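Please read the structure below before turning to the comments.
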Amino acid sequence: MRHRACRPGHARRVAWIRPIQETALTDAALPSEQTYPADGFALFPDRSVIALRVNGELKDLATTVTANDDVEPVTIDSPEGLSILRHSTAHVLAQAVQRVKPQANLGIGPPITDGFYYDFRVDEPFTPDDLKVIKKEMERIVRENQRFVRRVVSDDEARAELAHEPFKLELVGLKGGSSEAAEGASVEVGAGELTIYDNVDRDGETVWKDLCRGPHVPGTRLIGNGWDLTRIAGAYWRGSEKNPQLQRIYGTAWATKDDLRAYQHRLEEAAKRDHRKLGKELDLFSFPDEIGSGLSVWHPRGGIIRGEMEQHARRRHIEGGYTYVYTPHISKQDLFLTSNHLVTYKDGMFPPIVMDEERDADGHVTKQGQDYYLKPMNCPMHILIYKERGRSYRELPMRLAENGTVYRNELSGALHGLTRVRGFTQDDSHLFVTPEQLETEATRVLEFVISMLRDFGLDDFELELSMRDDEKSKWIGSDEFWEYSTNALRNVAVASGLKLTEVPGEAAFYGPKIDLKTRDAIGRTWQLSTVQVDPNLPERFELEYTDRDGQKKRPIMIHRALFGSIERFFAILLEHYAGAFPVWLSPVQVVAVPVAEEYGEYLDGIVAHLRAQGVRAEVDHSDDRMQKKIRTHTTQKVPLQLIAGEQDRAGGTVSFRFRDGTQLNGIPVDEAVARITGAIAARTLVDTAEDLA
């Protein structure tokens, strides 16, 4: 809903436009006339409105606007409203902690996906019993309906008021560089003015305060009862192991109690689907201590699934005009100096390995060694392949693909199963195009990515276009480049027909990008593929091609990851399917279970026929009873079980049993084989008898 205020002093009827994802406000809830200046309370009396967007910036509902301002309401259940609600709840948490533990020092408390956290320095780590006490105190603060009141302060005033908060003082000193301060620090300090939010009680007394940019909900009562504290963790201040370790409390907050319950139900379902748990139960992968944290090994069954993923992707890439290349895992430092990774990404790289040093018999260095680094990214090596010889416009677009293993020096606390590891394989592609080819090739890339992900059973997508903002000092390249490259990606995104969100200021410093997000079976959103426009690396490496007119020109590079990380994508698929993969991906596609030992030979012949057609099939000749065999293979999520007894052997048939317990009986063997191979070829998810009909 949006309206532009009219001229000062003139009453007018408010005109409304309803945007996507905002709660509709009924006309009965709106004032029929309004004079200006006015604040958000006067403009939007509906209690679902908790903040304003004024001329594109989020503001508190108490903000006064003029007739010339462009004003939109922000409702509590909109994405922006939920973020504000969660940040306000983080403030309530921090206030409650300092009521319970007055000596606690405040760190940072930003909103995050589905919730919030706040970091504290305390004498003793928090316990589950502490959380119960803190929750009770939060409930009191919510009932007190304290108002959040914004106040602009100078740097010196902030330092005086927060003299007892050493971490806040550090953030004040980093004002203007909050991106370097810490993850989440942007909620506290930025490039503009400093502000403190006072929590004011019914008597007008300030009972608590925090350095914060806001906005916040008008009062604590709006937090309601749709919140909860979820867990405790350790976290280093500003993400560095060199800094003090703080205690982090996580929580969640929603517009209603029902929304909270729905979220908690999703968490319960997610716990059942946790890829780390399923990976162990289904014997797919592990992280041996002897190898090191964040470094996985793939077991035979996990290797089969991964192999199917990679082979299918390889076939599709070759059909799409990509050429596979191979590059080493390690390189001299010069490569990463040229690419600038050793300047902008050094903390994410493993320490150097000194090679080629020579010493004499006395141990004196006679030849200096060179520093080698494990590669954090594949792109510099792909660039060297392009640069190996002169290129003509006739060779463009050049599409290079690689399943290249890279290494990132992740903090141990950030590691999480296969979704955050130290060694992983990127299904990287780098495309070298002329400026005229950019839009056409980006369209091909996006269509290819969506088509491939649908092959794996994902079909709920949306796009995010990351663009530059008006702070031109943050970006390199000409205005003309940014305009045509951003427009090219926007055209590609719009043509896809998918929901598109444009995000100013989130582009890489050298070019815009499209991120593709997907929802899994329980509604969680995952960011997968990226299409990144890059004129920077071709410039740094002085890449050229000879154009039609004989002139040397600079190509544009497109970074494109389909899965991103094969390990992470595998984890997403494992959780999406809860381990019950489509037949084509299942490590064991068919298990034959004889009713009695004497029917094993009959099933051996059928399984041999299936194997001859490439089906991963086996016969269970164990001494277990038939019902136990069926339970075992159902637990292992085998999609198809073939059962045979006397009637099947006599009639040349088999019976199917499916993961949900349903059956198809008396199917002729040739028809059964055809149904199985057909389900594999069609990449069908088969859980029930109906799925194989």
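Each chain of the structure tokens is named A, B, ... in the order shown, its residues numbered from 1; ligands are numbered from 1 in display order.
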Problem - DSSP strand (DSSP E or B) residues within range 359-568 of chain A, as a ChimeraX atom specification - result: /A:359,365-367,370-374,392,398-407,416,420,423-433,461-467,499-504,508,511,513-519,525-534,545-546,552-553,556-565
I need the residues in range 108-317 of chain A that are alpha helix (DSSP H) according to DSSP; give them as a PDB file with C-alpha atoms, in the first residue's frame.
ATOM      1  CA  PRO A 128      19.023 -24.051  29.825  1.00  0.00           C
ATOM      2  CA  ASP A 129      17.818 -22.952  33.271  1.00  0.00           C
ATOM      3  CA  ASP A 130      19.115 -19.429  32.531  1.00  0.00           C
ATOM      4  CA  LEU A 131      17.020 -19.375  29.366  1.00  0.00           C
ATOM      5  CA  LYS A 132      13.873 -20.150  31.369  1.00  0.00           C
ATOM      6  CA  VAL A 133      14.544 -17.216  33.688  1.00  0.00           C
ATOM      7  CA  ILE A 134      15.373 -14.910  30.754  1.00  0.00           C
ATOM      8  CA  LYS A 135      12.154 -15.904  28.951  1.00  0.00           C
ATOM      9  CA  LYS A 136      10.106 -15.031  32.046  1.00  0.00           C
ATOM     10  CA  GLU A 137      11.781 -11.639  32.180  1.00  0.00           C
ATOM     11  CA  MET A 138      11.121 -11.077  28.474  1.00  0.00           C
ATOM     12  CA  GLU A 139       7.436 -11.824  29.048  1.00  0.00           C
ATOM     13  CA  ARG A 140       7.354  -9.118  31.735  1.00  0.00           C
ATOM     14  CA  ILE A 141       8.982  -6.593  29.382  1.00  0.00           C
ATOM     15  CA  VAL A 142       6.475  -7.433  26.646  1.00  0.00           C
ATOM     16  CA  ARG A 143       3.573  -6.878  29.068  1.00  0.00           C
ATOM     17  CA  GLU A 144       5.066  -3.563  30.202  1.00  0.00           C
ATOM     18  CA  ASP A 155      30.030   9.951  18.532  1.00  0.00           C
ATOM     19  CA  ASP A 156      31.149  11.527  21.819  1.00  0.00           C
ATOM     20  CA  GLU A 157      27.668  11.312  23.302  1.00  0.00           C
ATOM     21  CA  ALA A 158      27.427   7.654  22.312  1.00  0.00           C
ATOM     22  CA  ARG A 159      30.801   6.928  23.912  1.00  0.00           C
ATOM     23  CA  ALA A 160      29.767   8.675  27.132  1.00  0.00           C
ATOM     24  CA  GLU A 161      26.441   6.858  27.380  1.00  0.00           C
ATOM     25  CA  PRO A 166      33.273  -2.046  25.402  1.00  0.00           C
ATOM     26  CA  PHE A 167      31.926  -3.816  22.316  1.00  0.00           C
ATOM     27  CA  LYS A 168      29.526  -0.964  21.556  1.00  0.00           C
ATOM     28  CA  LEU A 169      32.390   1.513  21.905  1.00  0.00           C
ATOM     29  CA  GLU A 170      34.344  -0.503  19.357  1.00  0.00           C
ATOM     30  CA  LEU A 171      31.437  -0.311  16.914  1.00  0.00           C
ATOM     31  CA  VAL A 172      31.208   3.453  17.367  1.00  0.00           C
ATOM     32  CA  GLY A 173      34.853   3.644  16.366  1.00  0.00           C
ATOM     33  CA  SER A 178      30.174  -1.611   9.474  1.00  0.00           C
ATOM     34  CA  SER A 179      30.653  -4.148   6.689  1.00  0.00           C
ATOM     35  CA  GLU A 180      34.125  -4.703   8.168  1.00  0.00           C
ATOM     36  CA  ALA A 181      32.966  -4.483  11.782  1.00  0.00           C
ATOM     37  CA  LYS A 257       1.194 -17.606  17.888  1.00  0.00           C
ATOM     38  CA  ASP A 258      -0.129 -19.750  15.035  1.00  0.00           C
ATOM     39  CA  ASP A 259       2.783 -18.671  12.843  1.00  0.00           C
ATOM     40  CA  LEU A 260       5.163 -19.620  15.654  1.00  0.00           C
ATOM     41  CA  ARG A 261       3.567 -23.067  15.989  1.00  0.00           C
ATOM     42  CA  ALA A 262       3.800 -23.607  12.223  1.00  0.00           C
ATOM     43  CA  TYR A 263       7.481 -22.673  12.338  1.00  0.00           C
ATOM     44  CA  GLN A 264       8.111 -25.022  15.254  1.00  0.00           C
ATOM     45  CA  HIS A 265       6.410 -27.799  13.311  1.00  0.00           C
ATOM     46  CA  ARG A 266       8.734 -27.083  10.366  1.00  0.00           C
ATOM     47  CA  LEU A 267      11.692 -27.314  12.718  1.00  0.00           C
ATOM     48  CA  GLU A 268      10.500 -30.701  13.951  1.00  0.00           C
ATOM     49  CA  GLU A 269      10.182 -31.886  10.376  1.00  0.00           C
ATOM     50  CA  ALA A 270      13.583 -30.411   9.512  1.00  0.00           C
ATOM     51  CA  ALA A 271      15.151 -32.302  12.435  1.00  0.00           C
ATOM     52  CA  LYS A 272      13.801 -35.557  11.009  1.00  0.00           C
ATOM     53  CA  ARG A 273      15.295 -34.617   7.640  1.00  0.00           C
ATOM     54  CA  HIS A 275      21.170 -34.510   6.323  1.00  0.00           C
ATOM     55  CA  ARG A 276      23.789 -35.267   8.976  1.00  0.00           C
ATOM     56  CA  LYS A 277      21.412 -37.696  10.683  1.00  0.00           C
ATOM     57  CA  LEU A 278      20.254 -39.251   7.404  1.00  0.00           C
ATOM     58  CA  GLY A 279      23.805 -39.480   6.097  1.00  0.00           C
ATOM     59  CA  LYS A 280      24.732 -41.685   9.035  1.00  0.00           C
ATOM     60  CA  GLU A 281      21.526 -43.756   9.009  1.00  0.00           C
ATOM     61  CA  PRO A 300      29.777 -46.327  -1.548  1.00  0.00           C
ATOM     62  CA  ARG A 301      26.053 -45.517  -1.425  1.00  0.00           C
ATOM     63  CA  GLY A 302      26.636 -41.783  -1.152  1.00  0.00           C
ATOM     64  CA  GLY A 303      29.167 -42.062  -3.964  1.00  0.00           C
ATOM     65  CA  ILE A 304      26.556 -43.661  -6.209  1.00  0.00           C
ATOM     66  CA  ILE A 305      24.135 -40.769  -5.694  1.00  0.00           C
ATOM     67  CA  ARG A 306      26.850 -38.181  -6.194  1.00  0.00           C
ATOM     68  CA  GLY A 307      28.056 -39.986  -9.315  1.00  0.00           C
ATOM     69  CA  GLU A 308      24.552 -39.964 -10.802  1.00  0.00           C
ATOM     70  CA  MET A 309      24.246 -36.245 -10.059  1.00  0.00           C
ATOM     71  CA  GLU A 310      27.580 -35.429 -11.678  1.00  0.00           C
ATOM     72  CA  GLN A 311      27.079 -37.682 -14.698  1.00  0.00           C
ATOM     73  CA  HIS A 312      23.638 -36.294 -15.439  1.00  0.00           C
ATOM     74  CA  ALA A 313      24.923 -32.744 -15.113  1.00  0.00           C
ATOM     75  CA  ARG A 314      27.881 -33.566 -17.354  1.00  0.00           C
ATOM     76  CA  ARG A 315      25.637 -34.948 -20.090  1.00  0.00           C
ATOM     77  CA  ARG A 316      23.408 -31.899 -19.953  1.00  0.00           C
ATOM     78  CA  HIS A 317      26.360 -29.504 -20.027  1.00  0.00           C
TER      79      HIS A 317
END
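Residue nearest Val421 in chain A, chosen from A:Arg554, A:Arg568, A:Arg468, A:Arg560 and counting only C-alpha atoms: A:Arg568.
Each of A:Tyr118, A:Tyr577, A:Phe350, A:Tyr197 was compared to Leu211 in chain A using only C-alpha atoms, and A:Tyr197 turns out to be the nearest.
Minimum atom-to-atom distance to Leu585 in chain A, evaluated using only C-alpha atoms, belongs to A:Thr684 out of A:Thr256, A:Ser655, A:Thr684, A:Ser286.
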